[in-house]
$ cat start.csv   # CSV, C-alpha atoms
chain,number,residue,atom,x,y,z
D,1,MET,CA,15.7,57.5,-17.1
D,2,GLU,CA,13.8,60.8,-16.8
D,3,ARG,CA,13.1,62.7,-19.9
D,4,THR,CA,15.0,66.0,-20.1
D,5,LEU,CA,12.3,68.7,-20.5
D,6,ASN,CA,14.5,71.8,-20.8
D,7,ASN,CA,17.9,71.9,-22.5
D,8,LYS,CA,18.4,75.6,-22.2
D,9,ALA,CA,20.6,75.1,-19.1
D,10,TRP,CA,23.3,73.9,-21.5
D,11,PHE,CA,23.8,77.5,-22.5
D,12,LEU,CA,25.2,78.1,-19.0
D,13,VAL,CA,28.2,76.0,-19.8
D,14,LEU,CA,29.1,78.1,-22.9
D,15,PRO,CA,31.6,80.3,-21.2
D,16,VAL,CA,33.5,77.2,-20.0
D,17,LEU,CA,33.3,75.7,-23.5
D,18,VAL,CA,34.9,78.9,-24.9
D,19,LEU,CA,37.6,78.8,-22.3
D,20,VAL,CA,38.4,75.1,-23.0
D,21,ALA,CA,38.3,75.8,-26.7
D,22,PHE,CA,41.0,78.5,-26.3
D,23,SER,CA,43.1,76.6,-23.8
D,24,ALA,CA,42.8,73.0,-25.1
D,25,ILE,CA,40.8,72.4,-28.2
D,26,ILE,CA,42.5,74.9,-30.6
D,27,PRO,CA,46.0,74.1,-29.4
D,28,LEU,CA,45.2,70.4,-29.9
D,29,MET,CA,43.9,71.0,-33.4
D,30,THR,CA,47.1,72.9,-34.1
D,31,VAL,CA,49.2,69.9,-32.9
D,32,VAL,CA,47.2,67.7,-35.3
D,33,ASN,CA,48.0,70.1,-38.1
D,34,TYR,CA,51.7,70.1,-37.2
D,35,SER,CA,51.8,66.3,-37.0
D,36,VAL,CA,51.3,66.0,-40.8
D,37,GLN,CA,53.7,68.7,-41.8
D,38,ASP,CA,57.3,69.8,-41.5
D,39,THR,CA,58.5,73.3,-40.7
D,40,PHE,CA,61.9,75.1,-40.5
D,41,GLY,CA,60.4,78.1,-38.8
D,42,ASN,CA,59.1,81.4,-40.2
D,43,ASN,CA,55.6,80.0,-40.2
D,44,GLN,CA,56.3,77.9,-43.4
D,45,PHE,CA,55.0,74.4,-43.5
D,46,PHE,CA,55.5,71.5,-45.9
D,47,TRP,CA,53.2,68.5,-46.2
D,48,ALA,CA,54.7,65.3,-44.8
D,49,GLY,CA,51.6,63.1,-44.6
D,50,LEU,CA,51.9,60.2,-42.1
D,51,ASP,CA,55.7,60.1,-42.2
D,52,TRP,CA,56.1,61.4,-38.7
D,53,PHE,CA,53.7,58.9,-37.3
D,54,GLU,CA,55.5,56.1,-39.1
D,55,ASP,CA,58.8,57.4,-37.7
D,56,VAL,CA,57.5,57.5,-34.2
D,57,LEU,CA,55.9,54.1,-34.3
D,58,GLY,CA,59.0,52.6,-35.9
D,59,SER,CA,61.5,54.3,-33.6
D,60,ASP,CA,63.3,52.6,-30.7
D,61,ARG,CA,63.5,55.9,-29.0
D,62,PHE,CA,59.7,56.1,-28.6
D,63,TRP,CA,59.2,52.5,-27.5
D,64,ASN,CA,62.1,52.7,-25.0
D,65,ALA,CA,60.7,55.8,-23.4
D,66,LEU,CA,57.3,54.2,-23.3
D,67,GLY,CA,58.8,51.1,-21.7
D,68,ARG,CA,60.6,53.2,-19.1
D,69,ASN,CA,57.4,55.0,-18.3
D,70,LEU,CA,55.5,51.7,-17.8
D,71,ILE,CA,58.3,50.2,-15.7
D,72,PHE,CA,58.5,53.4,-13.6
D,73,SER,CA,54.7,53.4,-13.0
D,74,ALA,CA,54.7,49.7,-12.1
D,75,ILE,CA,57.5,50.1,-9.5
D,76,ILE,CA,55.9,53.3,-8.1
D,77,LEU,CA,52.6,51.4,-7.6
D,78,ALA,CA,54.3,48.3,-6.2
D,79,ILE,CA,56.0,50.5,-3.5
D,80,GLU,CA,53.6,53.3,-2.8
D,81,VAL,CA,50.3,51.4,-2.5
D,82,PRO,CA,51.4,48.7,0.1
D,83,LEU,CA,53.5,51.3,2.0
D,84,GLY,CA,50.6,53.8,2.0
D,85,ILE,CA,48.2,51.1,3.3
D,86,TYR,CA,50.7,50.1,6.0
D,87,ILE,CA,51.2,53.6,7.2
D,88,ALA,CA,47.5,54.4,7.2
D,89,LEU,CA,46.8,51.2,9.2
D,90,ASN,CA,49.3,52.3,11.8
D,91,MET,CA,48.2,56.0,12.1
D,92,PRO,CA,46.3,56.9,15.3
D,93,LYS,CA,42.5,57.1,14.9
D,94,LYS,CA,41.9,59.3,18.0
D,95,GLY,CA,43.7,61.9,20.1
D,96,TRP,CA,46.3,64.6,19.4
D,97,GLY,CA,48.3,62.3,17.2
D,98,VAL,CA,45.7,62.5,14.4
D,99,PRO,CA,46.2,66.2,13.4
D,100,VAL,CA,50.0,65.8,13.8
D,101,CYS,CA,50.1,62.8,11.5
D,102,LEU,CA,47.7,64.4,9.0
D,103,VAL,CA,49.8,67.6,8.8
D,104,LEU,CA,53.1,65.6,8.4
D,105,MET,CA,51.5,63.5,5.7
D,106,ALA,CA,50.2,66.5,3.8
D,107,LEU,CA,53.5,68.4,3.9
D,108,PRO,CA,55.2,66.6,0.9
D,109,LEU,CA,52.1,67.1,-1.2
D,110,LEU,CA,52.3,70.9,-0.7
D,111,ILE,CA,55.7,71.2,-2.2
D,112,PRO,CA,55.9,72.2,-5.9
D,113,TRP,CA,57.3,69.5,-8.2
D,114,ASN,CA,60.3,71.5,-9.3
D,115,VAL,CA,61.2,72.3,-5.7
D,116,VAL,CA,61.0,68.6,-4.9
D,117,GLY,CA,63.3,67.9,-7.8
D,118,THR,CA,65.8,70.6,-6.7
D,119,ILE,CA,65.7,69.3,-3.1
D,120,TRP,CA,66.6,65.7,-4.2
D,121,GLN,CA,69.0,66.9,-6.8
D,122,VAL,CA,71.1,68.6,-4.1
D,123,PHE,CA,70.3,65.9,-1.5
D,124,GLY,CA,71.8,63.2,-3.7
D,125,ARG,CA,74.9,65.0,-4.8
D,126,VAL,CA,78.1,63.2,-3.7
D,127,ASP,CA,80.0,66.5,-3.1
D,128,ILE,CA,77.6,68.6,-1.1
D,129,GLY,CA,74.4,66.5,-0.6
D,130,LEU,CA,73.6,64.9,2.7
D,131,LEU,CA,72.4,61.6,1.1
D,132,GLY,CA,75.2,61.4,-1.4
D,133,ARG,CA,78.0,62.2,1.2
D,134,THR,CA,76.5,59.8,3.8
D,135,LEU,CA,76.3,56.9,1.3
D,136,THR,CA,79.8,57.6,0.1
D,137,ALA,CA,81.1,57.8,3.7
D,138,LEU,CA,79.5,54.4,4.3
D,139,GLY,CA,81.5,53.0,1.4
D,140,ILE,CA,78.6,52.7,-1.0
D,141,ASP,CA,79.5,53.6,-4.5
D,142,TYR,CA,76.6,56.0,-5.2
D,143,ASN,CA,76.5,58.6,-8.0
D,144,TYR,CA,73.1,59.3,-9.6
D,145,VAL,CA,74.8,61.5,-12.3
D,146,GLN,CA,76.8,58.6,-13.7
D,147,ASP,CA,75.2,55.4,-12.7
D,148,PRO,CA,71.8,54.5,-14.3
D,149,LEU,CA,70.7,52.3,-11.4
D,150,ASP,CA,71.5,55.0,-8.9
D,151,ALA,CA,69.6,57.5,-11.0
D,152,TRP,CA,66.5,55.2,-11.1
D,153,VAL,CA,66.7,54.5,-7.3
D,154,THR,CA,67.0,58.3,-6.7
D,155,ILE,CA,63.9,59.3,-8.7
D,156,ILE,CA,61.9,56.3,-7.4
D,157,VAL,CA,62.7,57.2,-3.7
D,158,MET,CA,62.0,60.8,-4.5
D,159,ASP,CA,58.6,59.9,-6.0
D,160,VAL,CA,57.8,57.6,-3.0
D,161,TRP,CA,58.8,60.4,-0.6
D,162,HIS,CA,56.6,62.9,-2.5
D,163,TRP,CA,53.5,60.9,-3.3
D,164,THR,CA,53.0,58.0,-0.8
D,165,SER,CA,51.2,60.6,1.5
D,166,LEU,CA,48.5,60.8,-1.0
D,167,VAL,CA,47.8,57.0,-0.8
D,168,VAL,CA,48.1,57.2,3.0
D,169,LEU,CA,45.5,60.1,3.3
D,170,LEU,CA,43.1,58.3,0.9
D,171,CYS,CA,43.4,55.0,2.7
D,172,TYR,CA,43.1,56.7,6.1
D,173,ALA,CA,39.9,58.4,5.0
D,174,GLY,CA,38.6,55.0,4.0
D,175,LEU,CA,39.7,53.4,7.3
D,176,VAL,CA,38.1,56.0,9.6
D,177,SER,CA,34.8,55.7,7.8
D,178,ILE,CA,34.4,52.0,9.0
D,179,PRO,CA,31.9,51.8,11.8
D,180,ASP,CA,33.2,50.4,15.1
D,181,ALA,CA,30.4,47.7,14.9
D,182,TYR,CA,32.5,45.8,12.3
D,183,TYR,CA,35.5,45.7,14.6
D,184,GLN,CA,33.3,44.7,17.6
D,185,ALA,CA,31.8,41.8,15.6
D,186,ALA,CA,35.3,40.7,14.5
D,187,LYS,CA,36.5,40.7,18.1
D,188,ILE,CA,33.5,38.6,19.2
D,189,ASP,CA,34.3,36.1,16.4
D,190,GLY,CA,37.9,36.0,17.5
D,191,ALA,CA,39.1,37.2,14.1
D,192,SER,CA,42.9,37.6,13.7
D,193,ARG,CA,44.6,40.9,12.7
D,194,TRP,CA,45.0,39.6,9.2
D,195,SER,CA,41.3,38.5,9.0
D,196,VAL,CA,40.2,42.0,10.1
D,197,PHE,CA,42.4,43.5,7.4
D,198,ARG,CA,41.4,41.0,4.7
D,199,PHE,CA,37.7,40.9,5.3
D,200,ILE,CA,36.8,44.3,6.8
D,201,GLN,CA,39.4,47.0,6.2
D,202,LEU,CA,40.5,46.1,2.6
D,203,PRO,CA,37.0,45.8,1.2
D,204,LYS,CA,36.0,49.0,2.9
D,205,MET,CA,39.0,50.8,1.5
D,206,GLY,CA,38.4,49.4,-1.9
D,207,ARG,CA,37.0,52.5,-3.5
D,208,VAL,CA,39.5,55.0,-2.2
D,209,LEU,CA,42.3,52.5,-2.9
D,210,LEU,CA,41.1,52.4,-6.5
D,211,ILE,CA,41.2,56.2,-6.7
D,212,ALA,CA,44.7,56.1,-5.2
D,213,VAL,CA,46.0,53.5,-7.7
D,214,LEU,CA,44.6,55.1,-10.7
D,215,LEU,CA,45.7,58.7,-9.7
D,216,ARG,CA,49.2,57.5,-9.0
D,217,PHE,CA,49.4,55.5,-12.2
D,218,MET,CA,48.3,58.3,-14.4
D,219,ASP,CA,50.4,60.9,-12.6
D,220,SER,CA,53.5,58.7,-12.7
D,221,PHE,CA,52.9,57.9,-16.3
D,222,MET,CA,52.9,61.6,-17.2
D,223,ILE,CA,55.8,62.5,-14.8
D,224,TYR,CA,58.1,65.3,-16.2
D,225,THR,CA,59.4,67.9,-13.8
D,226,GLU,CA,61.0,65.9,-11.0
D,227,PRO,CA,63.2,63.5,-13.0
D,228,PHE,CA,64.0,66.4,-15.5
D,229,VAL,CA,65.3,68.5,-12.6
D,230,VAL,CA,67.2,65.7,-10.9
D,231,THR,CA,68.7,63.7,-13.8
D,232,GLY,CA,67.7,65.7,-16.9
D,233,GLY,CA,66.8,62.3,-18.5
D,234,GLY,CA,70.3,60.9,-17.9
D,235,PRO,CA,72.7,59.3,-17.6
D,236,GLY,CA,72.4,58.9,-21.4
D,237,ASN,CA,68.7,58.4,-21.9
D,238,GLU,CA,68.3,56.0,-19.0
D,239,THR,CA,65.7,58.1,-17.2
D,240,THR,CA,64.2,59.8,-20.3
D,241,PHE,CA,60.5,59.3,-20.0
D,242,LEU,CA,58.0,60.1,-22.8
D,243,SER,CA,57.3,63.6,-21.5
D,244,ILE,CA,61.0,64.5,-21.3
D,245,ASP,CA,61.7,63.0,-24.7
D,246,LEU,CA,58.8,65.0,-26.1
D,247,VAL,CA,60.1,68.3,-24.8
D,248,LYS,CA,63.6,67.5,-26.0
D,249,MET,CA,62.3,66.8,-29.5
D,250,ALA,CA,59.9,69.8,-29.7
D,251,ILE,CA,61.9,72.5,-28.0
D,252,GLY,CA,65.5,71.2,-27.9
D,253,GLN,CA,65.6,70.0,-31.5
D,254,PHE,CA,62.7,72.1,-32.9
D,255,ASP,CA,61.4,68.9,-34.6
D,256,VAL,CA,57.9,70.2,-34.3
D,257,GLY,CA,56.3,67.7,-36.7
D,258,PRO,CA,57.7,64.4,-35.2
D,259,ALA,CA,57.1,65.9,-31.7
D,260,ALA,CA,53.4,66.6,-32.6
D,261,ALA,CA,53.0,63.1,-33.9
D,262,MET,CA,54.6,61.6,-30.8
D,263,SER,CA,52.5,63.8,-28.5
D,264,LEU,CA,49.3,62.6,-30.3
D,265,VAL,CA,50.2,59.0,-29.8
D,266,TYR,CA,51.0,59.8,-26.1
D,267,PHE,CA,47.7,61.7,-25.9
D,268,LEU,CA,45.8,58.7,-27.1
D,269,ILE,CA,47.4,56.5,-24.5
D,270,VAL,CA,46.7,59.0,-21.7
D,271,LEU,CA,43.2,59.4,-23.0
D,272,SER,CA,42.6,55.7,-22.9
D,273,LEU,CA,43.9,55.5,-19.3
D,274,SER,CA,41.7,58.4,-18.3
D,275,TRP,CA,38.7,56.7,-19.8
D,276,VAL,CA,39.5,53.5,-17.9
D,277,PHE,CA,39.8,55.7,-14.8
D,278,TYR,CA,36.4,57.4,-15.4
D,279,THR,CA,34.6,54.2,-16.3
D,280,VAL,CA,35.9,52.2,-13.4
D,281,MET,CA,35.1,55.1,-11.0
D,282,THR,CA,31.6,55.7,-12.2
D,283,ASN,CA,30.7,52.0,-12.3
D,284,GLN,CA,32.2,51.4,-8.9
D,285,GLY,CA,30.0,54.2,-7.6
D,286,GLN,CA,26.9,52.7,-9.2
D,287,GLU,CA,27.7,49.3,-7.7
D,288,THR,CA,28.1,50.7,-4.2
D,289,GLY,CA,25.0,52.9,-4.7
D,290,LYS,CA,27.0,56.1,-4.1
N,291,MET,CA,41.4,86.8,-37.9
N,292,ASP,CA,44.5,85.2,-39.2
N,293,PHE,CA,44.7,81.5,-38.5
N,294,SER,CA,47.8,80.7,-40.6
N,295,TRP,CA,49.7,80.0,-37.4
N,296,MET,CA,47.5,76.9,-37.0
N,297,ALA,CA,49.0,75.5,-40.3
N,298,TRP,CA,45.7,74.2,-41.6
N,299,THR,CA,45.6,71.7,-44.4
N,300,TRP,CA,42.6,70.3,-46.3
N,301,PRO,CA,43.1,66.7,-44.9
N,302,THR,CA,43.2,67.9,-41.3
N,303,ALA,CA,40.3,70.4,-41.9
N,304,THR,CA,38.3,67.5,-43.3
N,305,PHE,CA,39.2,65.3,-40.3
N,306,PHE,CA,38.0,68.0,-37.8
N,307,GLY,CA,35.0,68.8,-40.0
N,308,ILE,CA,33.9,65.1,-39.7
N,309,ILE,CA,34.5,65.1,-35.9
N,310,PHE,CA,32.4,68.3,-35.4
N,311,ALA,CA,29.7,66.9,-37.8
N,312,LEU,CA,29.6,63.8,-35.7
N,313,LEU,CA,29.2,65.9,-32.5
N,314,GLY,CA,26.5,67.9,-34.3
N,315,VAL,CA,24.6,64.7,-35.2
N,316,MET,CA,24.9,63.4,-31.6
N,317,ALA,CA,23.6,66.7,-30.3
N,318,PHE,CA,20.6,66.6,-32.7
N,319,TRP,CA,20.0,62.9,-31.7
N,320,GLU,CA,20.1,63.9,-28.1
N,321,TYR,CA,17.7,66.8,-28.8
N,322,ARG,CA,15.3,64.4,-30.5
N,323,VAL,CA,15.6,61.5,-28.2
N,324,PRO,CA,16.9,62.8,-24.8
N,325,GLY,CA,18.5,60.7,-22.1
N,326,GLY,CA,21.4,59.3,-24.0
N,327,ASN,CA,19.9,55.8,-24.4
N,328,PRO,CA,21.9,54.2,-21.5
N,329,ARG,CA,22.2,50.4,-21.6
N,330,VAL,CA,24.5,47.6,-20.5
N,331,GLY,CA,26.2,45.8,-23.3
N,332,ILE,CA,29.0,43.2,-23.7
N,333,LEU,CA,31.4,45.3,-21.6
N,334,ARG,CA,29.1,44.7,-18.7
N,335,PHE,CA,28.8,48.3,-17.7
N,336,GLN,CA,26.4,51.1,-18.6
N,337,THR,CA,27.2,53.2,-21.7
N,338,THR,CA,25.3,56.1,-23.3
N,339,ARG,CA,25.4,57.1,-26.9
N,340,GLY,CA,28.2,59.6,-26.1
N,341,ASP,CA,30.2,56.9,-24.5
N,342,ARG,CA,29.8,54.6,-27.5
N,343,LEU,CA,30.9,57.4,-29.8
N,344,PHE,CA,34.0,58.0,-27.6
N,345,ILE,CA,34.8,54.3,-27.6
N,346,SER,CA,34.4,54.2,-31.3
N,347,LEU,CA,36.7,57.2,-32.0
N,348,LEU,CA,39.3,56.1,-29.4
N,349,GLY,CA,39.4,52.5,-30.8
N,350,SER,CA,39.5,53.8,-34.4
N,351,GLY,CA,42.6,55.9,-33.4
N,352,PHE,CA,44.4,52.8,-32.2
N,353,ILE,CA,43.2,50.7,-35.1
N,354,ASN,CA,44.7,53.2,-37.6
N,355,LEU,CA,47.9,53.6,-35.6
N,356,ALA,CA,48.3,49.8,-35.4
N,357,TRP,CA,47.7,49.5,-39.1
N,358,LEU,CA,50.2,52.3,-39.8
N,359,GLY,CA,52.9,50.6,-37.6
N,360,LEU,CA,52.3,47.0,-38.7
N,361,VAL,CA,51.1,47.2,-42.3
N,362,GLY,CA,51.9,50.6,-43.9
N,363,PRO,CA,50.7,54.1,-44.7
N,364,GLN,CA,47.7,53.1,-46.9
N,365,LEU,CA,44.9,53.5,-44.3
N,366,TRP,CA,41.8,52.9,-46.4
N,367,TRP,CA,41.4,49.3,-45.1
N,368,SER,CA,42.0,50.4,-41.5
N,369,LEU,CA,39.4,53.2,-42.0
N,370,ALA,CA,36.9,50.6,-43.3
N,371,LEU,CA,37.8,48.4,-40.3
N,372,SER,CA,37.2,51.4,-38.0
N,373,VAL,CA,33.8,51.9,-39.5
N,374,VAL,CA,32.9,48.2,-38.9
N,375,TYR,CA,34.3,48.5,-35.4
N,376,ALA,CA,32.2,51.7,-34.7
N,377,VAL,CA,29.0,49.9,-36.0
N,378,CYS,CA,29.8,47.0,-33.7
N,379,VAL,CA,30.3,49.3,-30.7
N,380,PHE,CA,27.0,51.1,-31.4
N,381,ARG,CA,25.3,47.7,-31.8
N,382,PHE,CA,26.7,45.6,-29.0
N,383,VAL,CA,28.5,47.8,-26.4

$ encode --input "start.csv" --output "structure tokens"
Amino acid sequence: MERTLNNKAWFLVLPVLVLVAFSAIIPLMTVVNYSVQDTFGNNQFFWAGLDWFEDVLGSDRFWNALGRNLIFSAIILAIEVPLGIYIALNMPKKGWGVPVCLVLMALPLLIPWNVVGTIWQVFGRVDIGLLGRTLTALGIDYNYVQDPLDAWVTIIVMDVWHWTSLVVLLCYAGLVSIPDAYYQAAKIDGASRWSVFRFIQLPKMGRVLLIAVLLRFMDSFMIYTEPFVVTGGGPGNETTFLSIDLVKMAIGQFDVGPAAAMSLVYFLIVLSLSWVFYTVMTNQGQETGK
Amino acid sequence: MDFSWMAWTWPTATFFGIIFALLGVMAFWEYRVPGGNPRVGILRFQTTRGDRLFISLLGSGFINLAWLGLVGPQLWWSLALSVVYAVCVFRFV
């Protein structure tokens, strides 16, 4: 490790530090302050100690929402990653089809989250939505407003529609970076399609696939807008994830103290996952020498 | 400037005071011994002093939450456990 001779360059990051302090650190400190107090508005606070944390950790509401979050993320990963790899493997590598496919894949990523939610909210309605009416016409009893399973299927399909492209584009970037020499060697050895995938393409996609998995996990774990617009957390609380529950508690019920405690526990979980993300990424980079 | 909207209390102020003091100590340590002292410990990947502080604080947060949820609101023992954990992290990670 080279010795750092001049630390004055650190002063150059001061403006960013001030910006982060105003936008993140000071609000976070305020949340910590709220988490140990109770308020009824009018800027009056009453000391509550660790009561809200005890309430959160002992509440079924929190653990159920966390469980739903984890199940949702697991399902999303189980669908989007294999599907993304499959599509990337079948995309053209040369010719006019490449830009066409890339633009088509990028389109869902360009649509804002609330617009995606609105699209699917209308799309799935049994009275005016294309999907809802078609399924009903086919004799399928589908109603995402009343049936929890239908609500889950709808938001999962919506997320797959919205975000599989990200996995596809990352995998495709990994695939096109593989030199032709690997494929030529495999052909000479008489390798099967599966062997080419297992021993050439999958290892070469490893790093981008890791980025895709971790990005999708973290993003799906913090999902808010799309399910909120489509189902509003319902029917009942069947699609109420942590972020939706948090907003309901803080803004809907004005339970600022419990919401602050819950958001800090949520923050710790997200921070841990971010650290895993950062650590795995940086160590993967060091192993591959990039 | 009026910071009453931040609803400060002495316990939370002390908490943040300790966090900022730790960051100050780390900055001074880095100034005196630059480079972050990177090494590979029991986790089998490279960590610097800053990484070890982060792992200590994050782990301490979970230790205290687990204690609160499983044992009760008296956190002195979990605080002591967190200190032991932090020492182990700085020693072995």

$ interface_residues --input "start.csv" --of "chain N" --to "chain D" --cutoff "7 Å" --atoms "only C-alpha atoms" --output "list in words"
Trp295, Met296, Ala297, Trp298, Thr299, Thr302, Pro324, Gly325, Phe335, Leu358, Gly359 and Pro363 of chain N

$ write_last_selection --input "start.csv" --atoms "C-alpha atoms" --output "PDB file, in the coordinates of the input"
ATOM      1  CA  TRP N 295      49.700  80.000 -37.400  1.00  0.00           C
ATOM      2  CA  MET N 296      47.500  76.900 -37.000  1.00  0.00           C
ATOM      3  CA  ALA N 297      49.000  75.500 -40.300  1.00  0.00           C
ATOM      4  CA  TRP N 298      45.700  74.200 -41.600  1.00  0.00           C
ATOM      5  CA  THR N 299      45.600  71.700 -44.400  1.00  0.00           C
ATOM      6  CA  THR N 302      43.200  67.900 -41.300  1.00  0.00           C
ATOM      7  CA  PRO N 324      16.900  62.800 -24.800  1.00  0.00           C
ATOM      8  CA  GLY N 325      18.500  60.700 -22.100  1.00  0.00           C
ATOM      9  CA  PHE N 335      28.800  48.300 -17.700  1.00  0.00           C
ATOM     10  CA  LEU N 358      50.200  52.300 -39.800  1.00  0.00           C
ATOM     11  CA  GLY N 359      52.900  50.600 -37.600  1.00  0.00           C
ATOM     12  CA  PRO N 363      50.700  54.100 -44.700  1.00  0.00           C
TER      13      PRO N 363
END

$ closest_residue --input "start.csv" --among "D:Val230, D:Val160, D:Leu215, D:Leu166" --to "Ala78 in chain D" --atoms "all atoms listed in the file"
D:Val160

$ closest_residue --input "start.csv" --among "D:Arg68, D:Arg61, D:Lys93, D:His162" --to "Pro108 in chain D" --atoms "all atoms listed in the file"
D:His162

$ residues_around --input "start.csv" --residues "Thr240 in chain D" --least-positions-apart "4" --cutoff "9 Å" --atoms "only C-alpha atoms" --output "CSV table (one decimal) with C-alpha atoms, in the coordinates of the input"
chain,number,residue,atom,x,y,z
D,64,ASN,CA,62.1,52.7,-25.0
D,65,ALA,CA,60.7,55.8,-23.4
D,68,ARG,CA,60.6,53.2,-19.1
D,69,ASN,CA,57.4,55.0,-18.3
D,227,PRO,CA,63.2,63.5,-13.0
D,228,PHE,CA,64.0,66.4,-15.5
D,231,THR,CA,68.7,63.7,-13.8
D,232,GLY,CA,67.7,65.7,-16.9
D,233,GLY,CA,66.8,62.3,-18.5
D,234,GLY,CA,70.3,60.9,-17.9
D,235,PRO,CA,72.7,59.3,-17.6
D,236,GLY,CA,72.4,58.9,-21.4
D,244,ILE,CA,61.0,64.5,-21.3
D,245,ASP,CA,61.7,63.0,-24.7

$ atom_distance --input "start.csv" --atom1 "CA of Ser263 in chain D" --atom2 "CA of Thr239 in chain D"
18.3 Å

$ residues_near_point --input "start.csv" --point "(51.1, 65.4, 4.9)" --cutoff "12 Å" --atoms "all atoms listed in the file" --output "CSV table (one decimal) with C-alpha atoms, in the frame of the given file"
chain,number,residue,atom,x,y,z
D,84,GLY,CA,50.6,53.8,2.0
D,88,ALA,CA,47.5,54.4,7.2
D,98,VAL,CA,45.7,62.5,14.4
D,99,PRO,CA,46.2,66.2,13.4
D,100,VAL,CA,50.0,65.8,13.8
D,101,CYS,CA,50.1,62.8,11.5
D,102,LEU,CA,47.7,64.4,9.0
D,103,VAL,CA,49.8,67.6,8.8
D,104,LEU,CA,53.1,65.6,8.4
D,105,MET,CA,51.5,63.5,5.7
D,106,ALA,CA,50.2,66.5,3.8
D,107,LEU,CA,53.5,68.4,3.9
D,108,PRO,CA,55.2,66.6,0.9
D,109,LEU,CA,52.1,67.1,-1.2
D,110,LEU,CA,52.3,70.9,-0.7
D,111,ILE,CA,55.7,71.2,-2.2
D,161,TRP,CA,58.8,60.4,-0.6
D,162,HIS,CA,56.6,62.9,-2.5
D,163,TRP,CA,53.5,60.9,-3.3
D,164,THR,CA,53.0,58.0,-0.8
D,165,SER,CA,51.2,60.6,1.5
D,166,LEU,CA,48.5,60.8,-1.0
D,167,VAL,CA,47.8,57.0,-0.8
D,168,VAL,CA,48.1,57.2,3.0
D,169,LEU,CA,45.5,60.1,3.3
D,170,LEU,CA,43.1,58.3,0.9
D,172,TYR,CA,43.1,56.7,6.1

$ atom_distance --input "start.csv" --atom1 "CA of Asp38 in chain D" --atom2 "CA of Trp367 in chain N"
26.2 Å

$ atom_distance --input "start.csv" --atom1 "CA of Trp52 in chain D" --atom2 "CA of Leu66 in chain D"
17.0 Å

$ residues_around --input "start.csv" --residues "Val379 in chain N" --least-positions-apart "5" --cutoff "9 Å" --atoms "only C-alpha atoms" --output "MDAnalysis selection string"
chainID N and resid 342:343 345:346 374

$ residues_around --input "start.csv" --residues "Leu273 in chain D" --least-positions-apart "6" --cutoff "10 Å" --atoms "all atoms listed in the file" --output "MDAnalysis selection string"
chainID D and resid 214 217:218 221 267 279

$ residues_around --input "start.csv" --residues "Trp357 in chain N" --least-positions-apart "3" --cutoff "12 Å" --atoms "all atoms listed in the file" --output "ChimeraX atom specification"
/D:50,53-54,57 /N:350-354,360-372

$ decode --input "start.csv" --residues "range 7-18 of chain D" --atoms "N, CA and C atoms" --output "CSV table (one decimal), in the first residue's frame"
chain,number,residue,atom,x,y,z
D,7,ASN,N,-3.1,14.8,2.0
D,7,ASN,CA,-4.6,14.6,2.3
D,7,ASN,C,-5.4,15.8,2.0
D,8,LYS,N,-4.8,16.9,1.4
D,8,LYS,CA,-5.6,18.1,1.2
D,8,LYS,C,-6.7,17.9,0.2
D,9,ALA,N,-6.6,16.9,-0.7
D,9,ALA,CA,-7.6,16.7,-1.7
D,9,ALA,C,-8.9,16.3,-1.0
D,10,TRP,N,-8.9,15.9,0.2
D,10,TRP,CA,-10.2,15.6,0.9
D,10,TRP,C,-11.1,16.8,1.0
D,11,PHE,N,-10.4,18.0,1.0
D,11,PHE,CA,-11.3,19.2,1.1
D,11,PHE,C,-12.2,19.4,-0.1
D,12,LEU,N,-11.8,18.8,-1.2
D,12,LEU,CA,-12.6,18.9,-2.4
D,12,LEU,C,-13.9,18.2,-2.3
D,13,VAL,N,-14.0,17.2,-1.4
D,13,VAL,CA,-15.3,16.5,-1.2
D,13,VAL,C,-16.2,17.2,-0.2
D,14,LEU,N,-15.7,18.3,0.4
D,14,LEU,CA,-16.5,19.0,1.4
D,14,LEU,C,-17.9,19.4,0.9
D,15,PRO,N,-18.0,20.0,-0.4
D,15,PRO,CA,-19.4,20.4,-0.9
D,15,PRO,C,-20.3,19.2,-0.9
D,16,VAL,N,-19.8,18.1,-1.3
D,16,VAL,CA,-20.7,16.9,-1.4
D,16,VAL,C,-21.1,16.4,0.0
D,17,LEU,N,-20.1,16.6,0.9
D,17,LEU,CA,-20.4,16.2,2.3
D,17,LEU,C,-21.5,17.1,2.9
D,18,VAL,N,-21.4,18.4,2.6
D,18,VAL,CA,-22.5,19.3,3.1
D,18,VAL,C,-23.8,18.9,2.5
